[in-house]
Amino acid sequence: MLTGSKTTFKVRQMVPDMKERMLSQSGLNARSRDMFGLRCLPGECVLQRAVLVRKKLTAREGGGWLAGTLFCTHFRVAFVPQDIPKPDDNADPVLLGDHDVALASIEKVVAVGPSRTKLVTPNSSLKFTPEELVLYCRDLRVICFLFDRLTPETQAIEITYTIAKTYQPLKPGTVLSFQNAALGSVEMKQFLSNRRKDTHMNWFESAADWEQELERCGAAGWRVSSVNDRFEMATSLPRFNVVPQKVLDTELKKTFAHFNEGRIPRWCWRHPRGSDLLRMASFQNNIYHEKDDIRNLELILFGGLSLCVVVELGEEMPSPADIQLAHSRLRALCLGDLSTSVSVPDDKWLSTLESTHWLDYTRCCLRKAAEVACLLRSGHLTVALQEAEDRDMSCVVSSLVQVMCDPHCRTQLGFQGLVQKEWVMAGHRFYNRVNYHRDNDKEEAPVFLLFLDCVWQLWSQYPSRFQLTEDFLLALHDSVHLPLFSTFLANCQRERCKRTQHLSQSYTPVNGWRDVLPRGSSPDPSDPTLPPVWDWALQYSGQRQARFTQPIPPPPSIKPLLNGNLNTNPDAHRLSDTTPVSVFLLSRGAFSCPANLLPWRSSSSGVYKKSHRRAPSSENVQALERLLKAWALTEYPHALTSNCGPQGPLDPYEPLLPLLLGPCVGVWRECYLRGALHAQAFSHPISSNHLHPVEQLAWEVQQLRDKLALASSKTDANPPAKRAEPRRTDTNLNQNTNNGTFLFPASRPQGLGVTRAAPPPTSINHQTSRGAPPSSAPQSRPSHKDNGGSNKHTFLFGHPSATEARPDQRYYPAPNNTKLPKSNGPSIGS
């Protein structure tokens with residue numbers, strides 16, 4: 001191991017007794033681990049430790065450095081602060097502490113020496129003693145540990161190599177071993193099997209859960225069908241689906257063949273004004289439609305009403321491949337490329353952000369959800385979201401619509417139930433889209449992370465209307481990258497049931513394919529029990545969970561509306577055999593009535609359609625236009641002329657219409673940029689005796705600010721007749737507005753708070769314990785003058801959370817045009 005004066009450490013091959021050998025060398029038995037304050041999970045083994053280590057805290061954690069001991073087990077990298085109280089042996093086990101990171105979440109291990117940095121791999125050699133250890137995680141976190149001068153060199157080397165050897169890129173074998181390392185012990189299996197689900201949350205796993213949702217929404221005329229109880233009709237749909245009461249199960253079975261993968265129109269949510277939101281896949285072509293089939297299809301699609309709008313999502317919304325490419329580019333922009341030590345210059349950062357198209361796709365989803373929310377607000381119609389497979393963007397749009405319109409979905413329990421209903425039970429391909437095994441790159445796409453970003457955009461514009469907080473969204477975002485939860489380790493409910501019940505399939509000519517539990521079979525004891533992600537006590541302490549919610553006033557009670565009108569007869573807008581029905585298509589912000597929208601109504605199909613007539617298309621479009629115009633004039637006469645105040649609309653069920661202009665859709669800073677400082681600073685050789693380049697630059701800027709302030713104070717001793725305001729260096733940043741880069745708005749309306757310009761991503765400053773000057777952390781100094789727009793503010797990292805959205809820029813349907821308005825300019829939100 002020691003060669004001359006030069007120390008060269010090579011990675012030792014993993015052998016079966018490596019764990020015992022390391023434990024014996026380090027003297028880490030169970031008693032010594034308790035002495036250092038680390039509480040291991042049942043069956044968890046400590047592979048290596050390093051004493052006198054400091055962890056760099058993020059801005060959310062208070063900044064600075066925290067002293068303690070660093071451990072590496074076969075499941076996680078654990079950091080135990082030195083002043084932490086002794087853990088309670090009787091407390092329930094927690095998978096990850098507040099300062100821990102799972103090995104499955106680590107993507108790169110970087111060792112930082114006196115004059116260089118090195119990406120450590122299992123087969124690499126290290127010719128210097130690392131002074132700092134940087135862990136780059138898949139969830140965009142960057143965790144930095146600093147080894148003290150008194151830390152034994154062997155410990156620093158061994159724990160660096162142990163982490164690099166143990167974290168291993170994910171693949172089928174490593175994922176299962178990772179799950180067994182955390183949950184595979186007999187004690188953990190018994191502990192998880194005894195845990196009970198939160199009864200206050202709707203899990204949508206039984207017919208009673210769906211009945212409860214129907215009752216909560218006041219959805220009359222709908223029922224819960226169990227025709228897909230054995231997943232015979234559609235393997236990707238849940239066991240229970242909500243359909244109109246007039247459609248019997250025997251008739252419902254005939255409709256599955258008319259839709260792609262059997263994903264028929266299903267009820268999702270009802271607006272208090274009587275509109276219903278549905279989801280469905282695309283129609284199957286070249287299928288003969290019987291007379292009874294047509295009646296049942298239209299009953300399901302119209303939901304008992306006489307007006308239906310089909311919202312096509314395939315043409316406007318980004319594809320999964322587009323989302324994956326955009327997220328990869330955004331990740332590379334925020335973290336940089338460590339292997340080549342290349343980072344994006346500051347003057348090209350915004351243009352590079354625009355070229356990722358991530359904010360474009362975020363804005364596109366919000367725009368489409370706002371259109372659907374406005375339609376539902378008008379009442380008297382059903383809105384059916386149609387996607388080719390109904391498993392990706394329909395999940396995003398339907399969830400965003402309910403977040404915008406339903407206050408219950410903006411609470412923690414309501415939001416968790418929403419994800420269960422529209423994502424988990426609806427058959428979103430979590431297993432393929434997250435791609436834990438890294439064996440199916442073509443299917444990988446962070447669609448769910450795009451949805452979380454959209455929710456954050458709404459939260460940043462309406463923070464007082466949400467009970468859930470940014471900490472909750474961050475926790476859910478980070479949990480997606482941890483392959484431990486049943487919520488994300490399956491593509492549909494059928495796959496989850498097969499895992500938990502170990503079902504096999506048998507085929508008979510009468511019943512077809514059926515799942516059968518073999519006689520005498522039992523769950524495989526080697527497979528660990530996977531908990532749902534909503535069991536937050538397994539991941540976070542009670543103090544962290546308390547930050548998931550904030551107190552909000554309860555929504556005021558509203559009078560129940562019958563089909564959108566207090567004086568309306570409940571059956572006035574119900575569909576009967578002689579009621580003419582109308583169907584429209586909403587695509588690219590415009591309404592139309594194509595002849596082939598419904599295949600059974602096409603003139604070339606030769607199907608029965610005598611009693612299912614509709615008015616001419618131009619007349620239909622005008623009728624829908626008048627409906628939206630009446631809503632815009634009667635309900636929002638002040639939409640373009642006055643303000644609603646900081647709390648938004650008074651009616652709690654009015655949609656939270658987002659601002660979609662370029663500056664208003666910003667970068668989720670606390671998620672994407674929380675590791676930007678480390679990623680850019682550690683791409684250059686540094687020493688533990690000096691400041692990081694970014695911190696050094698921030699310190700120099702602060703010194704210049706202090707000198708300017710001192711010079712200004714001396715000038716004030718002799719007050720002139722009129723003091724000219726010092727020229728700002730960023731006054732020319734608003735000149736290039738043709739490309740959508742709106743850093744500073746040209747004018748600021750009255751009533752909006754003023755926020756000082758945020759620094760660029762490489763100017764994020766943190767307090768350190770390495771002799772930084774007291775002024776190395778410049779504080780933002782708010783401006784106290786308000787000259788009606790002279791004081792400008794930036795939206796570099798998102799819309800200011802202290803101010804709510806202005807009603808004059810909200811998204812409203814145009815009363816004199818069939819096209820719904822879109823945002824102005826390209827989408828460069830930051």
# chains A, B, ... in the order shown; residues from 1 in each chain; ligands from 1
>>> residues_around(residues="stretch 98-105 of chain A", least_positions_apart="3", cutoff="9 Å", atoms="only C-alpha atoms", output="number ranges by chain")
A: 55, 72-81, 95, 136-139, 143, 163, 166-170, 174-175, 178, 478, 481-483, 539-541, 544
>>> residues_around(residues="A:Arg429", least_positions_apart="4", cutoff="10 Å", atoms="only C-alpha atoms", output="list in words")
Ser236, Arg391, Asp392, Trp423, Val424, Arg433, Val434, Asn435, Glu443, Glu444, Ala445, Val447, Phe448, Phe488, Leu489, Ala490, Asn491 and Cys492 of chain A
>>> write_last_selection(atoms="C-alpha atoms", output="CSV table (one decimal), in the first residue's frame")
chain,number,residue,atom,x,y,z
A,236,SER,CA,-53.5,-1.0,-17.2
A,391,ARG,CA,-50.8,7.3,-19.3
A,392,ASP,CA,-48.5,10.3,-19.4
A,423,TRP,CA,-51.0,8.6,-11.4
A,424,VAL,CA,-50.7,5.4,-9.3
A,433,ARG,CA,-40.3,6.3,-16.8
A,434,VAL,CA,-38.0,6.4,-13.7
A,435,ASN,CA,-35.9,3.5,-15.1
A,443,GLU,CA,-38.8,4.6,-22.0
A,444,GLU,CA,-37.2,6.8,-19.5
A,445,ALA,CA,-38.9,10.2,-19.0
A,447,VAL,CA,-43.0,13.1,-16.5
A,448,PHE,CA,-43.9,13.1,-12.8
A,488,PHE,CA,-42.9,4.1,-8.0
A,489,LEU,CA,-41.9,0.4,-8.6
A,490,ALA,CA,-44.8,-0.7,-10.9
A,491,ASN,CA,-46.5,0.5,-14.0
A,492,CYS,CA,-50.1,-0.2,-12.9
>>> closest_residue(among="A:Leu476, A:Leu656, A:Ala326, A:Leu277", to="A:Met404", atoms="only C-alpha atoms")
A:Leu656
>>> select_by_dssp(residues="stretch 134-352 of chain A", states="strand (DSSP E)", output="number ranges by chain")
A: 134-137, 142-147, 222-225, 241-244, 266-270, 276-281, 307-312
>>> closest_residue(among="A:Val667, A:Glu158, A:Ala369, A:Lys421", to="A:Asp209", atoms="only C-alpha atoms")
A:Lys421
>>> closest_atom_pairs(of="stretch 110-226 of chain A", to="stretch 407-420 of chain A", cutoff="10 Å", atoms="only C-alpha atoms", output="JSON lines")
{"residue": "A:Asp198", "atom": "CA", "partner": "A:Leu413", "partner_atom": "CA", "distance": 9.3}
{"residue": "A:His200", "atom": "CA", "partner": "A:Leu413", "partner_atom": "CA", "distance": 7.3}
{"residue": "A:Met201", "atom": "CA", "partner": "A:Leu413", "partner_atom": "CA", "distance": 5.5}
{"residue": "A:Asn202", "atom": "CA", "partner": "A:Gly417", "partner_atom": "CA", "distance": 5.2}
{"residue": "A:Trp203", "atom": "CA", "partner": "A:Gly417", "partner_atom": "CA", "distance": 6.0}
{"residue": "A:Phe204", "atom": "CA", "partner": "A:Gln420", "partner_atom": "CA", "distance": 6.8}
{"residue": "A:Glu205", "atom": "CA", "partner": "A:Gln420", "partner_atom": "CA", "distance": 8.9}
{"residue": "A:Glu213", "atom": "CA", "partner": "A:Gly417", "partner_atom": "CA", "distance": 9.9}
{"residue": "A:Arg216", "atom": "CA", "partner": "A:His408", "partner_atom": "CA", "distance": 9.9}
>>> select_by_dssp(residues="stretch 260-357 of chain A", states="alpha helix (DSSP H)", output="compact mmCIF listing (two decimals) with all heavy atoms, in the first residue's frame")
# COMPACT_ATOMS: atom_id res chain seq x y z
N LYS A 291 -75.65 -0.58 -32.94
CA LYS A 291 -76.57 0.46 -32.45
C LYS A 291 -76.47 0.58 -30.93
O LYS A 291 -76.38 1.70 -30.40
CB LYS A 291 -78.00 0.11 -32.86
CG LYS A 291 -79.04 1.05 -32.31
CD LYS A 291 -80.43 0.64 -32.75
CE LYS A 291 -81.48 1.56 -32.12
NZ LYS A 291 -82.85 1.18 -32.53
N ASP A 292 -76.45 -0.54 -30.23
CA ASP A 292 -76.35 -0.48 -28.78
C ASP A 292 -74.98 0.03 -28.33
O ASP A 292 -74.86 0.72 -27.31
CB ASP A 292 -76.61 -1.86 -28.17
CG ASP A 292 -78.04 -2.31 -28.37
OD1 ASP A 292 -78.90 -1.43 -28.58
OD2 ASP A 292 -78.30 -3.53 -28.32
N ASP A 293 -73.95 -0.29 -29.10
CA ASP A 293 -72.61 0.21 -28.75
C ASP A 293 -72.56 1.72 -28.81
O ASP A 293 -71.94 2.38 -27.96
CB ASP A 293 -71.56 -0.39 -29.69
CG ASP A 293 -71.42 -1.89 -29.51
OD1 ASP A 293 -71.91 -2.40 -28.48
OD2 ASP A 293 -70.83 -2.54 -30.38
N ILE A 294 -73.19 2.29 -29.83
CA ILE A 294 -73.18 3.75 -29.98
C ILE A 294 -73.87 4.41 -28.80
O ILE A 294 -73.38 5.42 -28.25
CB ILE A 294 -73.86 4.14 -31.31
CG1 ILE A 294 -73.05 3.61 -32.49
CG2 ILE A 294 -74.01 5.66 -31.40
CD1 ILE A 294 -73.71 3.84 -33.82
N ARG A 295 -74.98 3.86 -28.39
CA ARG A 295 -75.70 4.44 -27.25
C ARG A 295 -74.84 4.41 -25.99
O ARG A 295 -74.74 5.41 -25.27
CB ARG A 295 -77.00 3.68 -27.03
CG ARG A 295 -77.77 4.12 -25.79
CD ARG A 295 -79.01 3.27 -25.57
NE ARG A 295 -79.68 3.63 -24.32
CZ ARG A 295 -79.34 3.14 -23.13
NH1 ARG A 295 -78.34 2.28 -23.03
NH2 ARG A 295 -79.99 3.52 -22.04
N ASN A 296 -74.20 3.27 -25.73
CA ASN A 296 -73.38 3.16 -24.54
C ASN A 296 -72.14 4.04 -24.62
O ASN A 296 -71.72 4.65 -23.62
CB ASN A 296 -72.97 1.70 -24.32
CG ASN A 296 -74.17 0.79 -24.07
OD1 ASN A 296 -75.15 1.21 -23.46
ND2 ASN A 296 -74.10 -0.44 -24.56
N LEU A 297 -71.53 4.13 -25.80
CA LEU A 297 -70.34 4.96 -25.95
C LEU A 297 -70.65 6.42 -25.68
O LEU A 297 -69.89 7.13 -25.01
CB LEU A 297 -69.76 4.79 -27.36
CG LEU A 297 -69.04 3.46 -27.63
CD1 LEU A 297 -68.73 3.31 -29.11
CD2 LEU A 297 -67.74 3.39 -26.83
N GLU A 298 -71.78 6.89 -26.18
CA GLU A 298 -72.12 8.30 -25.98
C GLU A 298 -72.60 8.56 -24.56
O GLU A 298 -72.38 9.66 -24.03
CB GLU A 298 -73.17 8.73 -27.00
CG GLU A 298 -72.67 8.63 -28.44
CD GLU A 298 -73.39 9.60 -29.36
OE1 GLU A 298 -74.39 10.18 -28.92
OE2 GLU A 298 -72.95 9.77 -30.51
N LEU A 299 -73.21 7.59 -23.95
CA LEU A 299 -73.56 7.77 -22.54
C LEU A 299 -72.32 7.90 -21.68
O LEU A 299 -72.26 8.73 -20.75
CB LEU A 299 -74.41 6.59 -22.05
CG LEU A 299 -75.91 6.62 -22.39
CD1 LEU A 299 -76.57 5.33 -21.92
CD2 LEU A 299 -76.57 7.82 -21.74
N ILE A 300 -71.29 7.09 -21.97
CA ILE A 300 -70.05 7.17 -21.20
C ILE A 300 -69.32 8.47 -21.47
O ILE A 300 -68.81 9.13 -20.56
CB ILE A 300 -69.16 5.96 -21.53
CG1 ILE A 300 -69.84 4.66 -21.11
CG2 ILE A 300 -67.79 6.09 -20.86
CD1 ILE A 300 -69.07 3.43 -21.54
N LEU A 301 -69.28 8.88 -22.73
CA LEU A 301 -68.51 10.06 -23.11
C LEU A 301 -69.18 11.35 -22.64
O LEU A 301 -68.50 12.27 -22.16
CB LEU A 301 -68.32 10.08 -24.63
CG LEU A 301 -67.43 11.20 -25.19
CD1 LEU A 301 -66.02 11.11 -24.61
CD2 LEU A 301 -67.37 11.12 -26.70
N PHE A 302 -70.50 11.44 -22.76
CA PHE A 302 -71.19 12.66 -22.39
C PHE A 302 -71.55 12.70 -20.90
O PHE A 302 -71.90 13.76 -20.38
CB PHE A 302 -72.47 12.82 -23.23
CG PHE A 302 -72.19 13.23 -24.65
CD1 PHE A 302 -71.93 12.28 -25.62
CD2 PHE A 302 -72.20 14.56 -25.01
CE1 PHE A 302 -71.68 12.64 -26.92
CE2 PHE A 302 -71.95 14.94 -26.32
CZ PHE A 302 -71.68 13.98 -27.28
N PRO A 320 -42.76 12.04 -24.25
CA PRO A 320 -41.82 11.59 -23.21
C PRO A 320 -40.36 11.75 -23.62
O PRO A 320 -39.51 12.08 -22.78
CB PRO A 320 -42.20 10.13 -23.00
CG PRO A 320 -43.65 10.06 -23.37
CD PRO A 320 -43.81 11.03 -24.50
N ALA A 321 -40.06 11.53 -24.89
CA ALA A 321 -38.67 11.71 -25.33
C ALA A 321 -38.24 13.18 -25.24
O ALA A 321 -37.09 13.48 -24.87
CB ALA A 321 -38.52 11.21 -26.77
N ASP A 322 -39.15 14.08 -25.55
CA ASP A 322 -38.83 15.51 -25.43
C ASP A 322 -38.58 15.88 -23.96
O ASP A 322 -37.66 16.66 -23.65
CB ASP A 322 -39.98 16.36 -25.98
CG ASP A 322 -40.18 16.16 -27.46
OD1 ASP A 322 -39.20 15.80 -28.14
OD2 ASP A 322 -41.31 16.34 -27.95
N ILE A 323 -39.39 15.35 -23.06
CA ILE A 323 -39.22 15.66 -21.64
C ILE A 323 -37.90 15.12 -21.12
O ILE A 323 -37.19 15.79 -20.35
CB ILE A 323 -40.41 15.08 -20.84
CG1 ILE A 323 -41.72 15.74 -21.31
CG2 ILE A 323 -40.22 15.29 -19.35
CD1 ILE A 323 -42.95 15.12 -20.68
N GLN A 324 -37.54 13.91 -21.53
CA GLN A 324 -36.28 13.33 -21.09
C GLN A 324 -35.09 14.14 -21.58
O GLN A 324 -34.14 14.40 -20.82
CB GLN A 324 -36.17 11.88 -21.59
CG GLN A 324 -34.84 11.21 -21.37
CD GLN A 324 -34.48 11.06 -19.90
OE1 GLN A 324 -35.33 11.20 -19.04
NE2 GLN A 324 -33.22 10.78 -19.63
N LEU A 325 -35.12 14.57 -22.83
CA LEU A 325 -34.02 15.37 -23.38
C LEU A 325 -33.92 16.71 -22.67
O LEU A 325 -32.81 17.17 -22.34
CB LEU A 325 -34.22 15.55 -24.88
CG LEU A 325 -33.15 16.37 -25.61
CD1 LEU A 325 -31.78 15.72 -25.46
CD2 LEU A 325 -33.52 16.54 -27.08
N ALA A 326 -35.06 17.35 -22.43
CA ALA A 326 -35.04 18.65 -21.75
C ALA A 326 -34.50 18.52 -20.33
O ALA A 326 -33.72 19.36 -19.87
CB ALA A 326 -36.44 19.24 -21.74
N HIS A 327 -34.92 17.48 -19.62
CA HIS A 327 -34.45 17.29 -18.25
C HIS A 327 -32.96 16.98 -18.22
O HIS A 327 -32.23 17.44 -17.31
CB HIS A 327 -35.24 16.17 -17.57
CG HIS A 327 -34.99 16.06 -16.10
ND1 HIS A 327 -34.07 15.18 -15.58
CD2 HIS A 327 -35.53 16.71 -15.04
CE1 HIS A 327 -34.05 15.29 -14.27
NE2 HIS A 327 -34.92 16.21 -13.90
N SER A 328 -32.47 16.22 -19.16
CA SER A 328 -31.03 15.93 -19.21
C SER A 328 -30.23 17.19 -19.45
O SER A 328 -29.17 17.41 -18.84
CB SER A 328 -30.75 14.90 -20.31
OG SER A 328 -31.45 13.70 -20.09
N ARG A 329 -30.72 18.05 -20.35
CA ARG A 329 -30.02 19.31 -20.60
C ARG A 329 -30.07 20.23 -19.38
O ARG A 329 -29.08 20.91 -19.06
CB ARG A 329 -30.65 20.01 -21.81
CG ARG A 329 -30.40 19.29 -23.13
CD ARG A 329 -31.16 19.96 -24.26
NE ARG A 329 -30.85 19.36 -25.55
CZ ARG A 329 -31.45 19.70 -26.69
NH1 ARG A 329 -32.40 20.63 -26.68
NH2 ARG A 329 -31.12 19.11 -27.81
N LEU A 330 -31.21 20.27 -18.71
CA LEU A 330 -31.33 21.10 -17.51
C LEU A 330 -30.39 20.60 -16.42
O LEU A 330 -29.74 21.39 -15.72
CB LEU A 330 -32.77 21.09 -17.01
CG LEU A 330 -33.05 21.88 -15.74
CD1 LEU A 330 -32.87 23.37 -15.98
CD2 LEU A 330 -34.46 21.61 -15.23
N ARG A 331 -30.29 19.31 -16.28
CA ARG A 331 -29.39 18.74 -15.27
C ARG A 331 -27.93 19.07 -15.59
O ARG A 331 -27.15 19.43 -14.70
CB ARG A 331 -29.60 17.23 -15.22
CG ARG A 331 -28.73 16.53 -14.21
CD ARG A 331 -28.92 15.03 -14.26
NE ARG A 331 -28.11 14.35 -13.28
CZ ARG A 331 -28.45 14.19 -12.01
NH1 ARG A 331 -29.63 14.62 -11.60
NH2 ARG A 331 -27.65 13.59 -11.16
N ALA A 332 -27.57 18.95 -16.86
CA ALA A 332 -26.19 19.28 -17.25
C ALA A 332 -25.89 20.76 -17.04
O ALA A 332 -24.78 21.13 -16.67
CB ALA A 332 -25.97 18.89 -18.71
N LEU A 333 -26.89 21.60 -17.25
CA LEU A 333 -26.69 23.03 -17.04
C LEU A 333 -26.50 23.36 -15.57
O LEU A 333 -25.66 24.19 -15.21
CB LEU A 333 -27.90 23.80 -17.60
CG LEU A 333 -27.94 25.30 -17.33
CD1 LEU A 333 -26.77 26.00 -18.01
CD2 LEU A 333 -29.26 25.89 -17.79
N CYS A 334 -27.27 22.71 -14.70
CA CYS A 334 -27.22 23.04 -13.28
C CYS A 334 -26.01 22.44 -12.58
O CYS A 334 -25.45 23.05 -11.67
CB CYS A 334 -28.51 22.57 -12.59
SG CYS A 334 -30.00 23.42 -13.16
N LEU A 335 -25.59 21.25 -13.00
CA LEU A 335 -24.49 20.57 -12.33
C LEU A 335 -23.19 20.61 -13.10
O LEU A 335 -22.13 20.41 -12.52
CB LEU A 335 -24.87 19.11 -12.03
CG LEU A 335 -25.99 18.90 -11.03
CD1 LEU A 335 -26.22 17.41 -10.82
CD2 LEU A 335 -25.69 19.57 -9.71
N TRP A 349 -25.70 31.66 -19.63
CA TRP A 349 -26.48 30.74 -18.80
C TRP A 349 -27.96 30.80 -19.15
O TRP A 349 -28.62 29.78 -19.27
CB TRP A 349 -26.27 31.07 -17.32
CG TRP A 349 -26.63 29.95 -16.41
CD1 TRP A 349 -25.84 28.95 -15.98
CD2 TRP A 349 -27.92 29.72 -15.80
NE1 TRP A 349 -26.53 28.10 -15.14
CE2 TRP A 349 -27.82 28.55 -15.02
CE3 TRP A 349 -29.13 30.39 -15.84
CZ2 TRP A 349 -28.87 28.04 -14.30
CZ3 TRP A 349 -30.19 29.89 -15.12
CH2 TRP A 349 -30.06 28.73 -14.35
N LEU A 350 -28.49 32.00 -19.31
CA LEU A 350 -29.92 32.13 -19.60
C LEU A 350 -30.27 31.61 -20.98
O LEU A 350 -31.31 30.97 -21.17
CB LEU A 350 -30.34 33.60 -19.46
CG LEU A 350 -30.36 34.15 -18.02
CD1 LEU A 350 -30.66 35.63 -18.04
CD2 LEU A 350 -31.38 33.41 -17.19
N SER A 351 -29.43 31.89 -21.96
CA SER A 351 -29.71 31.36 -23.30
C SER A 351 -29.61 29.84 -23.32
O SER A 351 -30.37 29.17 -24.02
CB SER A 351 -28.73 31.97 -24.31
OG SER A 351 -27.39 31.66 -23.96
N THR A 352 -28.69 29.30 -22.54
CA THR A 352 -28.61 27.84 -22.45
C THR A 352 -29.83 27.27 -21.75
O THR A 352 -30.33 26.21 -22.13
CB THR A 352 -27.33 27.44 -21.70
OG1 THR A 352 -26.20 28.07 -22.30
CG2 THR A 352 -27.14 25.93 -21.74
N LEU A 353 -30.30 27.96 -20.73
CA LEU A 353 -31.53 27.53 -20.06
C LEU A 353 -32.70 27.53 -21.03
O LEU A 353 -33.52 26.60 -21.03
CB LEU A 353 -31.82 28.44 -18.87
CG LEU A 353 -33.16 28.23 -18.16
CD1 LEU A 353 -33.21 26.85 -17.53
CD2 LEU A 353 -33.39 29.31 -17.11
N GLU A 354 -32.79 28.54 -21.86
CA GLU A 354 -33.88 28.59 -22.84
C GLU A 354 -33.78 27.45 -23.83
O GLU A 354 -34.80 26.88 -24.25
CB GLU A 354 -33.84 29.93 -23.57
CG GLU A 354 -34.98 30.12 -24.57
CD GLU A 354 -34.91 31.47 -25.25
OE1 GLU A 354 -33.92 32.19 -25.03
OE2 GLU A 354 -35.83 31.79 -26.01
N SER A 355 -32.56 27.09 -24.20
CA SER A 355 -32.40 26.02 -25.19
C SER A 355 -32.73 24.64 -24.64
O SER A 355 -32.91 23.70 -25.41
CB SER A 355 -30.96 26.03 -25.72
OG SER A 355 -30.04 25.71 -24.68
N THR A 356 -32.82 24.49 -23.32
CA THR A 356 -33.22 23.20 -22.77
C THR A 356 -34.68 22.89 -23.02
O THR A 356 -35.08 21.73 -23.02
CB THR A 356 -32.96 23.15 -21.25
OG1 THR A 356 -33.78 24.13 -20.60
CG2 THR A 356 -31.49 23.42 -20.94
>>> atom_distance(atom1="atom CA of A:Ser582", atom2="atom CA of A:Val372")
17.5 Å
>>> closest_residue(among="A:Ile552, A:Cys593, A:Ala219, A:Leu366", to="A:Val665", atoms="only C-alpha atoms")
A:Leu366
>>> residues_around(residues="A:Thr121", least_positions_apart="2", cutoff="12 Å", atoms="only C-alpha atoms", output="number ranges by chain")
A: 10-12, 107-111, 118-119, 123-126, 160-169, 339
>>> atom_distance(atom1="atom CA of A:Phe147", atom2="atom CA of A:Gly63")
17.6 Å
>>> closest_residue(among="A:Pro553, A:Pro122, A:Pro238, A:Gly304", to="A:Gly427", atoms="only C-alpha atoms")
A:Pro238
>>> atom_distance(atom1="atom CA of A:Ala711", atom2="atom CA of A:Ala698")
20.0 Å
